[in-house]
Amino acid sequence: MAPDLRNPTAERDAPAATPASPSSSASSPRVKAVACLGGVSLERGVPPEEIREHLREADNVVWVDVQDPGPVELATLVDEFGFHPLTLEGAGEGQRRPKLDEYKGYIALVAYAAAPAAAGSGGSHVAEVDLFIGRNYVVSLHRGRVAAVEEAAARWTRGGALLREGVGFLVYTLLDSLIDSFAPLISRVEEDIEEIEIGVFTSSDEEGVRELLRSKRTLSGLRRVLFPVREIFPSLLRRDHPFFHGATQVYLADARDHLLRILDVLDAQRDMAAGALEASLAVSSHRLNKTMKTLALLTGAVAVMGAVFGAYGMNFTAVPLADYRWGFWLISAGTIAFVAAMALAGRWRKWW
Amino acid sequence: MKVLIADDEAVSRRLLQNYLQKWGHEVTVAQDGAEAWRLFEAGGFAVVITDWEMPGMDGVELVRRIRAASASGPGYVYAILLTAKSQKEDLVEGMEAGADDFLTKPFDRDELRVRLRAGERIMLLEQELRRATAALAQAGNPAGTERPAAGPEDKARKGNAE
């Protein structure tokens, strides 16, 4: 079955590609801070009062991950990091288009991750992840648990010598994990479309068309949250970027390549889905034509029999062959022969 | 515990010193292997945390010397190699030289803390063992005849048995 890009708590036939609504995952805020100090040591669970101290040194990199931020957390971010309140408005709620805005001293980036739906709901949804990137920090905001963010944390902390590359390597692990999170979902959609393609010629039920439309909706939803991310990279890969130097730009370029590959696959799948839908409609039309021809043959047979037997059923005293000993059998045999000839002609022309 | 830190990188030295002092250890820092060896000879360190690559004497050579000295010295010294090297061969080479533990930079602060605690437990066990050996020697030889001191292999065997 095609994964549905929608709120896992919604009904099955709700519009697809709906990001997880904040209400679906509303829970208490959770702030996690990890710091890499001078590329030498990693500190997890850094208390808020130490974050400011760590940020003073340019060689340190601090990642603050805020899950389900409330008004208090957002106000703290405005105070501590100087973020513009508008950049935090609706953060993580899944209503914003992926984009990158540059402000004085930081970048605000909106991206999405694929997230598995709640157990038993059978679908998938996308989750907005907002990144605020500074000279030596990243603040990430999202609603609910996002596996891609956890994956990024694991990759970053296992980065070894790459941690010395500063904030660029952290941004790379985050973007790459967010982009890669879509790969399993896309591969599932591809499998579904292939299955439906095969089913078009073997099965006549309408479930295939329904699945196909669902897949098309999923693909459109994915494209809507992934396509604009392309526009983010030219700014990140700018040669004179103050936060990322040459070494990390190679990694960011690699993340961009992953994205382009995924977009290519999405386009190919969209074509596949459209082709399968066209094939399905053509097969349905062909089946309808055959049915119409069979019905036409049946109508012809009934009309012939009706005409002959109707004529001989009339109350005239002089009906041809009425007095002939084999008259009844002759007329019956003639009618049957005529109907059989029509059936054979239909068969010969492959109408049925 | 008295801990000696040897690292040519100022940031590493500062961070390690801060962590260890926060965890209640008595810390001495050295900027390279030669200085660390001089400080070590002055004595009394239970744990040595050393970088691998340093100008002059490197960390592996320092560990070798410490191991040779502690075999005939008054007590065991727990040596941790803390290095940017991360290959398995490096780990094997470092441990072959006599290091008790191997951590890769950037290291996890909490990991260092628990590994150091494990080292502390081993040091305590070693001290207990030394005391017990001395008590046994005294009980079995009241006349005061000298018995050969337990070598590092004997200690390790006893430690494993415990």
# chains A, B, ... in the order shown; residues from 1 in each chain; ligands from 1

call {"tool": "interface_residues", "arguments": {"of": "chain B", "to": "chain A", "cutoff": "9 Å", "atoms": "only C-alpha atoms", "output": "number ranges by chain"}}
result
B: 11-12, 15-16, 84-86, 104-110

call {"tool": "residues_around", "arguments": {"residues": "Tyr78 in chain B", "least_positions_apart": "4", "cutoff": "10 Å", "atoms": "only C-alpha atoms", "output": "list in words"}}
result
Val3, Phe45, Ala46, Val47, Val48, Ile49, Val63, Ile66, Arg67, Ser70, Gly98, Ala99, Asp100, Asp101, Leu116, Gly119, Glu120, Ile122 and Met123 of chain B

call {"tool": "write_last_selection", "arguments": {"atoms": "N, CA and C atoms", "output": "short mmCIF file (atom, residue, chain, number, x, y, z; two decimals), in the first residue's frame"}}
result
data_model
loop_
_atom_site.label_atom_id
_atom_site.label_comp_id
_atom_site.auth_asym_id
_atom_site.auth_seq_id
_atom_site.Cartn_x
_atom_site.Cartn_y
_atom_site.Cartn_z
N VAL B 3 46.47 12.57 39.20
CA VAL B 3 46.43 12.29 37.77
C VAL B 3 47.41 13.20 37.04
N PHE B 45 51.96 9.44 41.01
CA PHE B 45 50.75 9.49 40.17
C PHE B 45 50.11 8.11 40.06
N ALA B 46 48.80 8.09 40.23
CA ALA B 46 48.06 6.82 40.11
C ALA B 46 47.58 6.61 38.68
N VAL B 47 47.28 7.73 38.01
CA VAL B 47 46.74 7.65 36.64
C VAL B 47 47.51 8.62 35.75
N VAL B 48 47.82 8.15 34.54
CA VAL B 48 48.43 9.06 33.55
C VAL B 48 47.54 9.05 32.31
N ILE B 49 47.13 10.26 31.90
CA ILE B 49 46.35 10.39 30.66
C ILE B 49 47.25 11.12 29.67
N VAL B 63 54.27 5.82 27.82
CA VAL B 63 53.57 4.69 28.46
C VAL B 63 54.54 3.52 28.68
N ILE B 66 56.66 4.32 31.60
CA ILE B 66 55.87 4.25 32.84
C ILE B 66 55.65 2.80 33.24
N ARG B 67 55.34 1.97 32.24
CA ARG B 67 55.08 0.55 32.53
C ARG B 67 56.33 -0.12 33.08
N SER B 70 56.83 1.20 36.60
CA SER B 70 55.84 0.77 37.60
C SER B 70 55.98 -0.71 37.94
N GLY B 98 51.50 -0.87 26.61
CA GLY B 98 51.25 -0.93 28.05
C GLY B 98 50.11 -0.05 28.52
N ALA B 99 49.42 0.59 27.59
CA ALA B 99 48.29 1.43 28.01
C ALA B 99 47.16 0.53 28.52
N ASP B 100 46.43 1.02 29.50
CA ASP B 100 45.31 0.24 30.04
C ASP B 100 44.01 0.57 29.33
N ASP B 101 43.96 1.75 28.73
CA ASP B 101 42.74 2.15 28.05
C ASP B 101 43.10 3.07 26.89
N LEU B 116 37.47 6.38 33.62
CA LEU B 116 38.38 6.75 34.70
C LEU B 116 37.92 6.10 36.01
N GLY B 119 39.05 2.67 35.96
CA GLY B 119 40.47 2.64 36.29
C GLY B 119 40.70 2.78 37.77
N GLU B 120 39.88 3.65 38.38
CA GLU B 120 39.99 3.88 39.82
C GLU B 120 39.69 2.59 40.59
N ILE B 122 40.09 -0.43 39.50
CA ILE B 122 41.22 -1.36 39.31
C ILE B 122 42.37 -0.97 40.24
N MET B 123 42.60 0.35 40.36
CA MET B 123 43.69 0.82 41.22
C MET B 123 43.40 0.45 42.68
#

call {"tool": "residues_around", "arguments": {"residues": "Gly33 in chain B", "least_positions_apart": "6", "cutoff": "8 Å", "atoms": "only C-alpha atoms", "output": "VMD selection string"}}
result
chain B and resid 6 to 7 54 to 59 62

call {"tool": "residues_around", "arguments": {"residues": "Leu263 in chain A", "least_positions_apart": "4", "cutoff": "8 Å", "atoms": "only C-alpha atoms", "output": "mmCIF file with C-alpha atoms, in the first residue's frame"}}
result
data_model
loop_
_atom_site.group_PDB
_atom_site.id
_atom_site.type_symbol
_atom_site.label_atom_id
_atom_site.label_comp_id
_atom_site.auth_asym_id
_atom_site.auth_seq_id
_atom_site.Cartn_x
_atom_site.Cartn_y
_atom_site.Cartn_z
ATOM 1 C CA ARG A 223 7.874 16.926 -4.074
ATOM 2 C CA LEU A 226 11.694 18.525 -1.137
ATOM 3 C CA PHE A 227 11.778 20.583 -4.305
ATOM 4 C CA LEU A 259 18.639 15.698 -2.730
ATOM 5 C CA ASP A 267 10.123 12.640 -11.105
#

call {"tool": "closest_residue", "arguments": {"among": "A:Phe201, A:Leu222, A:Pro228, A:Tyr251", "to": "Val171 in chain A", "atoms": "only C-alpha atoms"}}
result
A:Tyr251

call {"tool": "select_by_dssp", "arguments": {"residues": "chain B", "states": "helix (DSSP H, G or I)", "output": "ChimeraX atom specification"}}
result
/B:10-22,33-42,59-72,88-97,109-140,152-161

call {"tool": "residues_around", "arguments": {"residues": "Ala276 in chain A", "least_positions_apart": "6", "cutoff": "12 Å", "atoms": "only C-alpha atoms", "output": "PyMOL selection string"}}
result
chain A and resi 190+192-201+208-213+215-216+269-270+282-283
